[in-house]
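Inspection log for the structure reproduced underneath, given as structure tokens.
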Amino acid sequence: MNALSDPQLLRAYAERRSEAAFAELVRRHIDLVHSAAVRMVNDVHLAEDVTQGVFVALAKDANKLTNHLVLAGWLHRTARNIAAQTIRTEVRRRNREQEAAAMHEFPEIDAAWEEIAPHLDAAIAELNESDRDAVLLRYFE
């Protein structure tokens, strides 16, 4: 398998699902993909996820890539796309965690909320339609 080119290995994987061919592609390119991912996400654990995602995408898209003479460009671009998505997901997760932590910083507000919450929907229901819509859009949407 070492003597085969990347397109030949891709073809072997795409046509026969050759695990040996795919393993050789991973062996050849994992350092390139992982080092790029580390640079892009600045976190070794997230970079491992990105690297895994790149090779999952390679397995999925192998049929479409059999004519690529230089696989490294596709792998790098895919790593960049997955890294960007991973960063966006991580930022959203951290923001949600911060919001959740901030909600628990004020126990007196929690106590007041527990007292008000059962009456809130009933009070909103008593509003006329335009006022109800305005309150819901402003505070709940």
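Identifiers for the structure tokens are assigned positionally: chains receive A, B, ... in sequence, residues are indexed from 1 per chain, and ligands are indexed from 1 in the order shown.
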
If we count only C-alpha atoms and set the cut-off at 12 Å, which residues sit around region 27-31 of chain A, ignoring sequence neighbours fewer than 6 positions away in its own chain? Please answer as a VMD selection string. chain A and resid 1 to 6 9 20 to 21 37 to 38 47 to 48 50 to 55 58 70 to 76 79

Using only C-alpha atoms, the best pick from A:Ala111, A:Leu136, A:Gln85, A:Lys64 as closest to Ala123 (chain A) would be A:Leu136

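Compared by their closest atoms to Met40 (chain A), and using only C-alpha atoms, the residues A:Ala122, A:Leu127, A:Ala83, A:Ala100 rank with A:Ala83 nearest.
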
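Going from CA of Leu65 (chain A) to CA of Ala12 (chain A) covers 11.7 Å.
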
Write out as JSON, numbers by chain all residues of region 17-75 of chain A that backbone DSSP assigns to helix (DSSP H, G or I). {"A": [19, 20, 21, 22, 23, 24, 25, 26, 27, 28, 29, 30, 31, 32, 33, 34, 35, 36, 37, 38, 39, 40, 41, 44, 45, 46, 47, 48, 49, 50, 51, 52, 53, 54, 55, 56, 57, 58, 59, 60, 61, 62, 63, 64, 65, 71, 72, 73, 74, 75]}

Work out how far apart CA of Ala112 (chain A) and CA of Arg132 (chain A) are and give it in Å to one decimal.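 One can read the CA of Ala112 (chain A) to CA of Arg132 (chain A) distance as 22.3 Å.
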